[in-house]
>>> print(open('coords.txt').read())   # compact mmCIF, C-alpha atoms and all ligand atoms
# COMPACT_ATOMS: atom_id res chain seq x y z
CA MET J 1 -8.75 -27.15 -3.14
CA ARG J 2 -7.69 -24.79 -5.90
CA PRO J 3 -10.51 -22.38 -6.86
CA GLU J 4 -11.75 -22.77 -10.45
CA ASN J 5 -11.82 -19.02 -10.83
CA SER J 6 -8.69 -17.45 -12.31
CA PHE J 7 -7.50 -14.13 -13.75
CA ASP J 8 -4.51 -12.55 -15.47
CA ARG J 9 -5.53 -8.88 -15.22
CA ILE J 10 -6.70 -6.73 -12.35
CA ALA J 11 -8.25 -3.28 -12.80
CA GLY J 12 -6.72 -2.95 -16.26
CA ALA J 13 -3.19 -4.03 -15.28
CA GLU J 14 -1.57 -7.27 -16.34
CA VAL J 15 -0.79 -9.58 -13.41
CA ARG J 16 2.42 -11.56 -13.96
CA TYR J 17 4.46 -14.11 -12.03
CA ASP J 18 7.98 -13.03 -11.06
CA ARG J 19 9.17 -16.02 -8.99
CA LEU J 20 10.24 -18.51 -11.64
CA SER J 21 13.77 -18.10 -10.34
CA GLY J 22 15.49 -15.94 -7.75
CA ALA J 23 16.70 -13.64 -10.51
CA SER J 24 13.20 -12.97 -11.82
CA TYR J 25 12.06 -11.40 -8.54
CA GLY J 26 11.10 -7.76 -8.99
CA THR J 27 10.95 -8.04 -12.79
CA ARG J 28 7.87 -7.90 -14.99
CA GLY J 29 7.85 -11.69 -14.84
CA VAL J 30 5.87 -13.98 -17.12
CA ALA J 31 2.20 -14.18 -18.13
CA THR J 32 0.34 -16.51 -15.76
CA ARG J 33 -3.22 -17.22 -14.69
CA PHE J 34 -3.72 -16.78 -10.95
CA HIS J 35 -6.34 -18.76 -9.03
CA ALA J 36 -8.42 -17.20 -6.28
CA THR J 37 -12.06 -17.19 -5.23
CA GLU J 38 -14.32 -14.91 -7.22
CA ALA J 39 -15.06 -12.85 -4.13
CA PHE J 40 -11.36 -12.36 -3.43
CA GLU J 41 -10.68 -11.41 -7.04
CA GLY J 42 -13.44 -8.80 -6.70
CA LYS J 43 -11.66 -7.33 -3.68
CA LEU J 44 -8.37 -7.20 -5.57
CA ARG J 45 -10.11 -5.38 -8.41
CA ALA J 46 -11.60 -2.80 -6.05
CA ALA J 47 -8.33 -2.34 -4.16
CA PHE J 48 -6.15 -1.80 -7.23
CA ALA J 49 -8.75 0.46 -8.90
CA ASP J 50 -8.60 2.52 -5.71
CA LEU J 51 -4.81 2.53 -5.83
CA TRP J 52 -4.74 3.83 -9.42
CA GLU J 53 -7.13 6.56 -8.33
CA ALA J 54 -5.07 7.55 -5.26
CA CYS J 55 -1.65 7.37 -6.89
CA PRO J 56 -0.60 10.35 -9.05
CA LEU J 57 0.96 7.89 -11.52
CA GLY J 58 -2.46 6.38 -12.26
CA GLN J 59 -2.87 2.83 -13.48
CA ALA J 60 0.21 0.62 -13.49
CA ASP J 61 0.95 -1.53 -16.54
CA VAL J 62 2.03 -4.62 -14.62
CA ILE J 63 1.41 -6.06 -11.17
CA ALA J 64 4.11 -8.65 -10.38
CA SER J 65 2.97 -11.32 -7.95
CA GLY J 66 4.58 -14.19 -6.10
CA GLY J 67 1.28 -16.07 -6.17
CA THR J 68 -2.26 -16.47 -4.92
CA PHE J 69 -3.46 -20.04 -4.33
CA ALA J 70 -1.00 -22.49 -2.76
CA ASP J 71 -1.81 -25.93 -1.44
CA LYS J 72 -1.10 -25.13 2.21
CA PRO J 73 -3.01 -24.09 5.32
CA GLY J 74 -4.15 -20.51 5.77
CA ALA J 75 -5.47 -17.85 3.42
CA HIS J 76 -3.42 -18.96 0.38
CA GLY J 77 -4.87 -22.49 0.69
CA ARG J 78 -8.36 -21.00 0.63
CA GLY J 79 -7.77 -18.89 -2.47
CA ARG J 80 -8.08 -15.72 -0.44
CA ALA J 81 -4.55 -14.30 -0.47
CA PHE J 82 -2.29 -12.39 -2.85
CA ASP J 83 1.44 -11.73 -2.63
CA LEU J 84 2.39 -8.38 -4.18
CA ASP J 85 6.03 -8.17 -5.26
CA ALA J 86 6.16 -5.19 -7.58
CA LEU J 87 4.27 -2.61 -9.63
CA PHE J 88 5.43 -1.14 -12.93
CA TRP J 89 4.38 2.24 -14.27
CA PRO J 90 6.04 3.68 -17.39
CA GLU J 91 7.92 6.22 -15.21
CA ARG J 92 8.38 4.34 -11.93
CA THR J 93 8.76 0.95 -10.34
CA PHE J 94 7.71 -0.18 -6.88
CA VAL J 95 9.52 -3.27 -5.57
CA ALA J 96 8.51 -4.50 -2.12
CA ARG J 97 12.09 -5.31 -1.11
CA SER J 98 13.14 -1.67 -1.54
CA TYR J 99 11.01 -0.48 1.40
CA PRO J 100 13.95 1.08 3.33
CA GLN J 101 14.90 3.31 0.36
CA ASP J 102 11.36 4.21 -0.64
CA CYS J 103 9.42 4.12 2.58
CA ARG J 104 6.88 6.94 2.05
CA PHE J 105 5.72 5.63 -1.32
CA HIS J 106 5.49 2.10 0.12
CA LEU J 107 3.41 3.23 3.05
CA ALA J 108 1.07 5.09 0.69
CA VAL J 109 0.53 1.94 -1.41
CA GLU J 110 -0.04 -0.09 1.73
CA ALA J 111 -2.46 2.48 3.17
CA VAL J 112 -4.71 2.09 0.11
CA LEU J 113 -4.54 -1.73 0.25
CA ARG J 114 -5.31 -1.75 3.97
CA GLY J 115 -8.63 -0.12 3.19
CA HIS J 116 -9.61 -3.38 1.45
CA PHE J 117 -7.77 -6.19 3.25
CA GLY J 118 -7.79 -6.90 6.97
CA THR J 119 -4.43 -8.59 6.86
CA VAL J 120 -1.43 -6.97 5.21
CA LEU J 121 2.01 -8.29 6.14
CA ASN J 122 4.99 -6.20 5.08
CA TYR J 123 8.74 -5.70 5.24
CA ARG J 124 8.54 -4.70 8.89
CA TYR J 125 6.45 -7.69 9.94
CA ASN J 126 9.09 -10.43 9.70
CA ALA J 127 11.91 -11.75 7.52
CA ALA J 128 9.54 -13.87 5.41
CA HIS J 129 7.70 -10.71 4.28
CA ARG J 130 10.71 -8.52 3.43
CA ASP J 131 10.15 -9.02 -0.30
CA HIS J 132 6.37 -8.84 -0.70
CA LEU J 133 3.14 -7.48 0.69
CA HIS J 134 0.90 -10.37 1.70
CA LEU J 135 -2.79 -9.45 1.39
CA ASP J 136 -5.68 -11.57 2.63
CA ASP J 137 -9.26 -11.03 3.74
CA LEU J 138 -9.67 -13.59 6.52
CA ALA J 139 -9.84 -10.76 9.06
CA PRO J 140 -12.00 -7.64 8.70
CA THR J 141 -10.41 -4.26 7.91
CA GLY J 142 -10.01 -1.67 10.65
CA PHE J 143 -7.68 -0.99 13.55
CA VAL J 144 -7.12 -3.84 16.01
CA PRO J 145 -4.68 -3.00 18.86
CA GLU J 146 -3.88 -6.70 19.41
CA HIS J 147 -2.73 -7.17 15.81
CA ARG J 148 0.99 -6.59 15.58
CA SER J 149 0.91 -5.91 11.83
CA ARG J 150 -1.66 -3.14 12.25
CA VAL J 151 0.15 -1.55 15.18
CA LEU J 152 3.41 -1.66 13.19
CA PHE J 153 1.66 0.10 10.35
CA LEU J 154 0.22 2.76 12.68
CA GLN J 155 3.69 3.35 14.12
CA THR J 156 5.42 3.59 10.74
CA MET J 157 2.69 5.94 9.46
CA LEU J 158 3.06 8.18 12.52
CA THR J 159 6.83 8.18 12.15
CA HIS J 160 7.31 8.57 8.41
CA LEU J 161 4.14 10.18 7.08
CA PHE J 162 2.87 12.31 9.95
CA ASP J 163 6.14 13.57 11.46
CA ARG J 164 5.28 12.09 14.84
CA PRO J 165 8.12 9.61 15.43
CA VAL J 166 7.46 6.75 17.85
CA ALA J 167 9.25 3.48 18.55
CA VAL J 168 8.27 0.97 15.85
CA ASP J 169 7.94 -2.25 17.87
CA GLY J 170 4.44 -3.49 17.05
CA ILE J 171 3.28 -3.03 20.64
CA ILE J 172 0.78 -0.32 21.40
CA GLY J 173 1.56 1.69 24.54
CA PRO J 174 1.40 5.25 25.91
CA GLU J 175 3.86 6.67 23.36
CA THR J 176 2.03 5.35 20.27
CA ARG J 177 -1.38 6.20 21.73
CA GLY J 178 -0.21 9.72 22.63
CA ALA J 179 0.99 10.36 19.08
CA ALA J 180 -2.18 8.81 17.61
CA ARG J 181 -4.35 10.95 19.91
CA ARG J 182 -2.59 14.13 18.76
CA LEU J 183 -2.93 13.05 15.15
CA LEU J 184 -6.69 12.53 15.52
CA GLN J 185 -6.96 15.98 17.11
CA LYS J 186 -5.06 17.49 14.21
CA LEU J 187 -7.37 15.73 11.76
CA ASP J 188 -10.38 17.02 13.70
CA ARG J 189 -11.43 13.54 14.71
CA ALA J 190 -10.97 14.12 18.43
CA SER J 191 -11.37 17.17 20.64
CA PRO J 192 -8.50 18.14 22.95
CA GLY J 193 -8.74 16.29 26.25
CA SER J 194 -11.00 13.55 24.85
CA LEU J 195 -10.11 9.91 24.20
CA GLU J 196 -8.03 9.80 27.38
CA SER J 197 -8.54 6.08 27.97
CA ALA J 198 -6.72 3.53 25.84
CA GLN J 199 -10.02 1.85 25.01
CA ALA J 200 -11.67 5.09 23.83
CA LEU J 201 -8.69 5.90 21.63
CA ASP J 202 -8.49 2.41 20.11
CA ASP J 203 -12.24 2.45 19.37
CA ARG J 204 -12.01 5.85 17.69
CA LEU J 205 -8.99 4.76 15.67
CA ASP J 206 -11.01 1.81 14.41
CA ASP J 207 -13.96 4.11 13.52
CA VAL J 208 -11.86 6.60 11.57
CA TRP J 209 -9.32 4.08 10.19
CA PRO J 210 -10.45 4.53 6.55
CA GLU J 211 -10.01 8.31 6.84
CA VAL J 212 -6.59 7.97 8.47
CA LEU J 213 -5.54 5.60 5.67
CA ALA J 214 -6.76 8.04 3.02
CA VAL J 215 -4.79 10.94 4.53
CA ALA J 216 -1.73 8.70 4.87
CA ALA J 217 -1.94 7.72 1.19
CA ARG J 218 -2.18 11.37 0.14
CA ARG J 219 0.85 12.28 2.25
CA GLY J 220 2.90 9.34 1.04
CA PHE J 221 2.13 10.11 -2.60
CA ALA J 222 2.46 13.89 -2.18
CA GLN J 223 6.07 14.11 -3.28
CA HIS J 224 5.12 12.24 -6.42
CA ALA J 225 2.15 14.48 -7.05
CA THR J 226 4.50 17.49 -6.98
CA THR J 227 6.95 15.86 -9.37
CA ALA J 228 4.10 14.82 -11.69
CA ALA J 229 2.65 18.36 -11.64
CA ARG J 230 6.06 19.87 -12.40
CA LEU J 231 6.52 17.45 -15.26
CA ASP J 232 3.09 18.36 -16.60
CA ARG J 233 3.91 22.07 -16.45
CA PHE J 234 7.23 21.42 -18.12
CA ARG J 235 5.54 19.41 -20.88
CA SER J 236 2.81 21.98 -21.51
CA ALA J 237 5.40 24.79 -21.58
CA GLU J 238 7.24 22.75 -24.16
CA ASP J 239 4.05 22.33 -26.21
CA ASP J 240 3.41 26.07 -26.06
CA GLY J 241 6.91 26.75 -27.33
CA GLU J 242 7.79 28.70 -24.19
CA ARG J 243 10.87 26.67 -23.51
CA PRO J 244 13.86 27.89 -25.49
CA ALA J 245 14.81 25.38 -28.15
CA ALA J 246 17.96 23.44 -27.38
CA GLY J 247 19.59 24.83 -30.52
CA ASP J 248 19.42 28.42 -29.23
CA ALA J 249 22.25 27.83 -26.82
CA SER J 250 24.74 26.58 -29.38
ZN ZN M 1 1.21 -14.55 1.22
>>> encode(input="coords.txt", output="structure tokens")
Amino acid sequence: MRPENSFDRIAGAEVRYDRLSGASYGTRGVATRFHATEAFEGKLRAAFADLWEACPLGQADVIASGGTFADKPGAHGRGRAFDLDALFWPERTFVARSYPQDCRFHLAVEAVLRGHFGTVLNYRYNAAHRDHLHLDDLAPTGFVPEHRSRVLFLQTMLTHLFDRPVAVDGIIGPETRGAARRLLQKLDRASPGSLESAQALDDRLDDVWPEVLAVAARRGFAQHATTAARLDRFRSAEDDGERPAAGDAS
């Protein structure tokens, strides 16, 4: 049954529907009220507030969504799921379908969201999720080696954010665990020679998952932070009159 509770803003951003037609995907869409349980809405609020905090661009103006409640089995049918299509800041757009061209930024967004939702299905997961991030809270957050979506995320993080390339196949094995072990040592979350068994490593990954996600988000957003800082310096130099006026050159 559709939850009574509904919203059209999350953490200060307008939430709009961009699936009225195929052509409206990835646009700012139209104003809509989205139905979800109150508890789930609370989690969305916390997750996006966290995202604005972590992302150097700050709060987005618009969150474009493909929907929340749908009369079907699973998390959407229980009012506990959200499909994220796009985010719009004044100076940048994030569209889920552009993952291959914008992978580090995408992984940073996903890292923040994974701190709040146990299930996040993305571009890499399957063809049905190429154009949105599906978020739901039916499963707890953390690292679960049996969950393909979480292993895929670990592998893409290792490969694209931590410069430790591994095969991205969603199956955890010696290669992924070796790279994860070295990463934890680098982050000071494991001493050399410890966590030799697969079980010990997986348990530790689960324990420190929030920290790993936070570092991943920082790395994924780092390029943007640099650009934003440069822009700020440029703007303040302009304000101080240090930049030669355009007319000087003519
Ligand atoms: Zn979904």
>>> closest_residue(input="coords.txt", among="J:Thr68, J:Gln59, J:Ser194, J:Thr159", to="ligand ZN 1 (chain M)", atoms="only C-alpha atoms and all ligand atoms")
J:Thr68
>>> closest_residue(input="coords.txt", among="J:Gln155, J:Thr119, J:Ser149, J:Gln199", to="ligand ZN 1 (chain M)", atoms="all atoms listed in the file")
J:Thr119
>>> closest_atom_pairs(input="coords.txt", of="chain J", to="ligand ZN 1 (chain M)", cutoff="7 Å", atoms="all atoms listed in the file", output="Markdown table")
| residue | atom | partner | partner_atom | distance |
| --- | --- | --- | --- | --- |
| J:His76 | CA | M:ZN1 | ZN | 6.4 |
| J:Ala81 | CA | M:ZN1 | ZN | 6.0 |
| J:Phe82 | CA | M:ZN1 | ZN | 5.8 |
| J:Asp83 | CA | M:ZN1 | ZN | 4.8 |
| J:His134 | CA | M:ZN1 | ZN | 4.2 |
| J:Leu135 | CA | M:ZN1 | ZN | 6.5 |
>>> atom_distance(input="coords.txt", atom1="atom CA of J:Phe221", atom2="atom CA of J:Leu107")
9.0 Å
>>> residues_near_point(input="coords.txt", point="(-10.1, 6.8, 10.0)", cutoff="12 Å", atoms="all atoms listed in the file", output="NGL selection string")
:J and (111 or 114-115 or 141-143 or 154 or 180 or 183-184 or 187-190 or 201-216)
>>> closest_residue(input="coords.txt", among="J:Ser98, J:Thr27, J:Ser6, J:Thr176", to="J:Arg164", atoms="only C-alpha atoms")
J:Thr176
>>> closest_residue(input="coords.txt", among="J:Pro145, J:Gly77, J:Gly29, J:Gly178", to="J:Ser65", atoms="only C-alpha atoms")
J:Gly29
>>> residues_around(input="coords.txt", residues="J:Ala39", least_positions_apart="5", cutoff="12 Å", atoms="all atoms listed in the file", output="PDB file with C-alpha atoms, in the coordinates of the input")
ATOM      1  CA  PRO J   3     -10.510 -22.380  -6.860  1.00  0.00           C
ATOM      2  CA  ASN J   5     -11.820 -19.020 -10.830  1.00  0.00           C
ATOM      3  CA  SER J   6      -8.690 -17.450 -12.310  1.00  0.00           C
ATOM      4  CA  LEU J  44      -8.370  -7.200  -5.570  1.00  0.00           C
ATOM      5  CA  ARG J  45     -10.110  -5.380  -8.410  1.00  0.00           C
ATOM      6  CA  ALA J  46     -11.600  -2.800  -6.050  1.00  0.00           C
ATOM      7  CA  ARG J  78      -8.360 -21.000   0.630  1.00  0.00           C
ATOM      8  CA  GLY J  79      -7.770 -18.890  -2.470  1.00  0.00           C
ATOM      9  CA  ARG J  80      -8.080 -15.720  -0.440  1.00  0.00           C
ATOM     10  CA  ALA J  81      -4.550 -14.300  -0.470  1.00  0.00           C
ATOM     11  CA  ASP J 136      -5.680 -11.570   2.630  1.00  0.00           C
ATOM     12  CA  ASP J 137      -9.260 -11.030   3.740  1.00  0.00           C
ATOM     13  CA  LEU J 138      -9.670 -13.590   6.520  1.00  0.00           C
TER      14      LEU J 138
END
>>> closest_residue(input="coords.txt", among="J:Arg150, J:Lys186, J:Arg181, J:Lys72", to="J:Glu110", atoms="all atoms listed in the file")
J:Arg150
>>> residues_around(input="coords.txt", residues="J:His106", least_positions_apart="6", cutoff="12 Å", atoms="all atoms listed in the file", output="ChimeraX atom specification")
/J:51,55,84-87,93-100,112-113,122-124,132-133,153,156-157,160-161,216-217,219-221
>>> atom_distance(input="coords.txt", atom1="atom CA of J:Gly74", atom2="atom CA of J:Ala139")
11.8 Å
>>> closest_residue(input="coords.txt", among="J:Ala222, J:Ala54, J:Ala128, J:Val144", to="J:Val109", atoms="only C-alpha atoms")
J:Ala54
>>> atom_distance(input="coords.txt", atom1="atom CA of J:Phe34", atom2="atom CA of J:Phe7")
5.4 Å
>>> decode(input="coords.txt", residues="stretch 59-144 of chain J", atoms="C-alpha atoms", output="PDB file, in the first residue's frame")
ATOM      1  CA  GLN J  59      23.907  21.564  -1.790  1.00  0.00           C
ATOM      2  CA  ALA J  60      22.407  20.727  -5.169  1.00  0.00           C
ATOM      3  CA  ASP J  61      19.371  22.672  -6.395  1.00  0.00           C
ATOM      4  CA  VAL J  62      17.519  19.686  -7.823  1.00  0.00           C
ATOM      5  CA  ILE J  63      17.487  15.940  -7.247  1.00  0.00           C
ATOM      6  CA  ALA J  64      15.899  14.204 -10.262  1.00  0.00           C
ATOM      7  CA  SER J  65      14.272  10.894  -9.412  1.00  0.00           C
ATOM      8  CA  GLY J  66      12.670   8.067 -11.346  1.00  0.00           C
ATOM      9  CA  GLY J  67      10.416   7.337  -8.370  1.00  0.00           C
ATOM     10  CA  THR J  68       9.980   5.989  -4.877  1.00  0.00           C
ATOM     11  CA  PHE J  69       6.796   4.002  -4.200  1.00  0.00           C
ATOM     12  CA  ALA J  70       5.606   1.612  -6.918  1.00  0.00           C
ATOM     13  CA  ASP J  71       2.893  -0.991  -6.576  1.00  0.00           C
ATOM     14  CA  LYS J  72       5.181  -4.003  -6.959  1.00  0.00           C
ATOM     15  CA  PRO J  73       7.047  -6.453  -4.743  1.00  0.00           C
ATOM     16  CA  GLY J  74      10.280  -5.440  -3.057  1.00  0.00           C
ATOM     17  CA  ALA J  75      11.538  -2.235  -1.470  1.00  0.00           C
ATOM     18  CA  HIS J  76       9.653   0.118  -3.829  1.00  0.00           C
ATOM     19  CA  GLY J  77       6.360  -1.588  -2.918  1.00  0.00           C
ATOM     20  CA  ARG J  78       7.116  -0.988   0.756  1.00  0.00           C
ATOM     21  CA  GLY J  79       7.882   2.710   0.321  1.00  0.00           C
ATOM     22  CA  ARG J  80      11.510   2.118   1.222  1.00  0.00           C
ATOM     23  CA  ALA J  81      13.344   2.758  -2.047  1.00  0.00           C
ATOM     24  CA  PHE J  82      14.483   5.734  -4.114  1.00  0.00           C
ATOM     25  CA  ASP J  83      15.776   5.842  -7.685  1.00  0.00           C
ATOM     26  CA  LEU J  84      18.327   8.618  -8.191  1.00  0.00           C
ATOM     27  CA  ASP J  85      18.676   9.731 -11.808  1.00  0.00           C
ATOM     28  CA  ALA J  86      20.471  13.058 -11.615  1.00  0.00           C
ATOM     29  CA  LEU J  87      21.680  15.947  -9.461  1.00  0.00           C
ATOM     30  CA  PHE J  88      21.881  19.577 -10.561  1.00  0.00           C
ATOM     31  CA  TRP J  89      24.225  22.145  -9.087  1.00  0.00           C
ATOM     32  CA  PRO J  90      24.561  25.596 -10.667  1.00  0.00           C
ATOM     33  CA  GLU J  91      28.015  24.647 -12.025  1.00  0.00           C
ATOM     34  CA  ARG J  92      27.702  20.895 -12.584  1.00  0.00           C
ATOM     35  CA  THR J  93      25.330  18.081 -13.395  1.00  0.00           C
ATOM     36  CA  PHE J  94      25.520  14.447 -12.341  1.00  0.00           C
ATOM     37  CA  VAL J  95      23.545  12.029 -14.529  1.00  0.00           C
ATOM     38  CA  ALA J  96      23.637   8.358 -13.531  1.00  0.00           C
ATOM     39  CA  ARG J  97      23.885   7.155 -17.131  1.00  0.00           C
ATOM     40  CA  SER J  98      27.169   9.020 -17.641  1.00  0.00           C
ATOM     41  CA  TYR J  99      29.073   6.781 -15.197  1.00  0.00           C
ATOM     42  CA  PRO J 100      31.723   5.678 -17.757  1.00  0.00           C
ATOM     43  CA  GLN J 101      32.709   9.298 -18.513  1.00  0.00           C
ATOM     44  CA  ASP J 102      32.556  10.535 -14.935  1.00  0.00           C
ATOM     45  CA  CYS J 103      33.446   7.528 -12.870  1.00  0.00           C
ATOM     46  CA  ARG J 104      35.369   9.111  -9.961  1.00  0.00           C
ATOM     47  CA  PHE J 105      32.660  11.660  -9.191  1.00  0.00           C
ATOM     48  CA  HIS J 106      30.002   8.924  -9.428  1.00  0.00           C
ATOM     49  CA  LEU J 107      31.858   6.667  -7.042  1.00  0.00           C
ATOM     50  CA  ALA J 108      32.217   9.548  -4.580  1.00  0.00           C
ATOM     51  CA  VAL J 109      28.452  10.201  -4.641  1.00  0.00           C
ATOM     52  CA  GLU J 110      27.778   6.498  -4.216  1.00  0.00           C
ATOM     53  CA  ALA J 111      30.283   6.184  -1.359  1.00  0.00           C
ATOM     54  CA  VAL J 112      28.355   8.804   0.638  1.00  0.00           C
ATOM     55  CA  LEU J 113      24.988   7.149  -0.099  1.00  0.00           C
ATOM     56  CA  ARG J 114      26.323   3.720   0.847  1.00  0.00           C
ATOM     57  CA  GLY J 115      26.949   5.047   4.331  1.00  0.00           C
ATOM     58  CA  HIS J 116      23.157   5.318   4.711  1.00  0.00           C
ATOM     59  CA  PHE J 117      21.627   2.570   2.562  1.00  0.00           C
ATOM     60  CA  GLY J 118      22.468  -1.121   2.681  1.00  0.00           C
ATOM     61  CA  THR J 119      21.435  -1.668  -0.905  1.00  0.00           C
ATOM     62  CA  VAL J 120      22.726   0.537  -3.703  1.00  0.00           C
ATOM     63  CA  LEU J 121      22.454  -0.801  -7.248  1.00  0.00           C
ATOM     64  CA  ASN J 122      24.406   1.044  -9.928  1.00  0.00           C
ATOM     65  CA  TYR J 123      25.525   1.139 -13.548  1.00  0.00           C
ATOM     66  CA  ARG J 124      27.840  -1.802 -13.002  1.00  0.00           C
ATOM     67  CA  TYR J 125      25.223  -3.992 -11.338  1.00  0.00           C
ATOM     68  CA  ASN J 126      23.082  -4.832 -14.372  1.00  0.00           C
ATOM     69  CA  ALA J 127      21.480  -3.335 -17.477  1.00  0.00           C
ATOM     70  CA  ALA J 128      18.341  -2.278 -15.570  1.00  0.00           C
ATOM     71  CA  HIS J 129      20.446  -0.002 -13.334  1.00  0.00           C
ATOM     72  CA  ARG J 130      22.568   1.691 -16.016  1.00  0.00           C
ATOM     73  CA  ASP J 131      20.550   4.897 -15.737  1.00  0.00           C
ATOM     74  CA  HIS J 132      19.939   5.293 -12.007  1.00  0.00           C
ATOM     75  CA  LEU J 133      21.207   4.526  -8.540  1.00  0.00           C
ATOM     76  CA  HIS J 134      18.633   2.411  -6.716  1.00  0.00           C
ATOM     77  CA  LEU J 135      18.745   3.025  -2.951  1.00  0.00           C
ATOM     78  CA  ASP J 136      16.866   1.001  -0.345  1.00  0.00           C
ATOM     79  CA  ASP J 137      17.210   0.159   3.324  1.00  0.00           C
ATOM     80  CA  LEU J 138      15.940  -3.421   3.491  1.00  0.00           C
ATOM     81  CA  ALA J 139      19.482  -4.618   4.225  1.00  0.00           C
ATOM     82  CA  PRO J 140      21.808  -3.054   6.810  1.00  0.00           C
ATOM     83  CA  THR J 141      24.804  -0.959   5.711  1.00  0.00           C
ATOM     84  CA  GLY J 142      28.298  -2.428   5.858  1.00  0.00           C
ATOM     85  CA  PHE J 143      30.441  -4.777   3.822  1.00  0.00           C
ATOM     86  CA  VAL J 144      28.937  -8.172   2.962  1.00  0.00           C
TER      87      VAL J 144
END
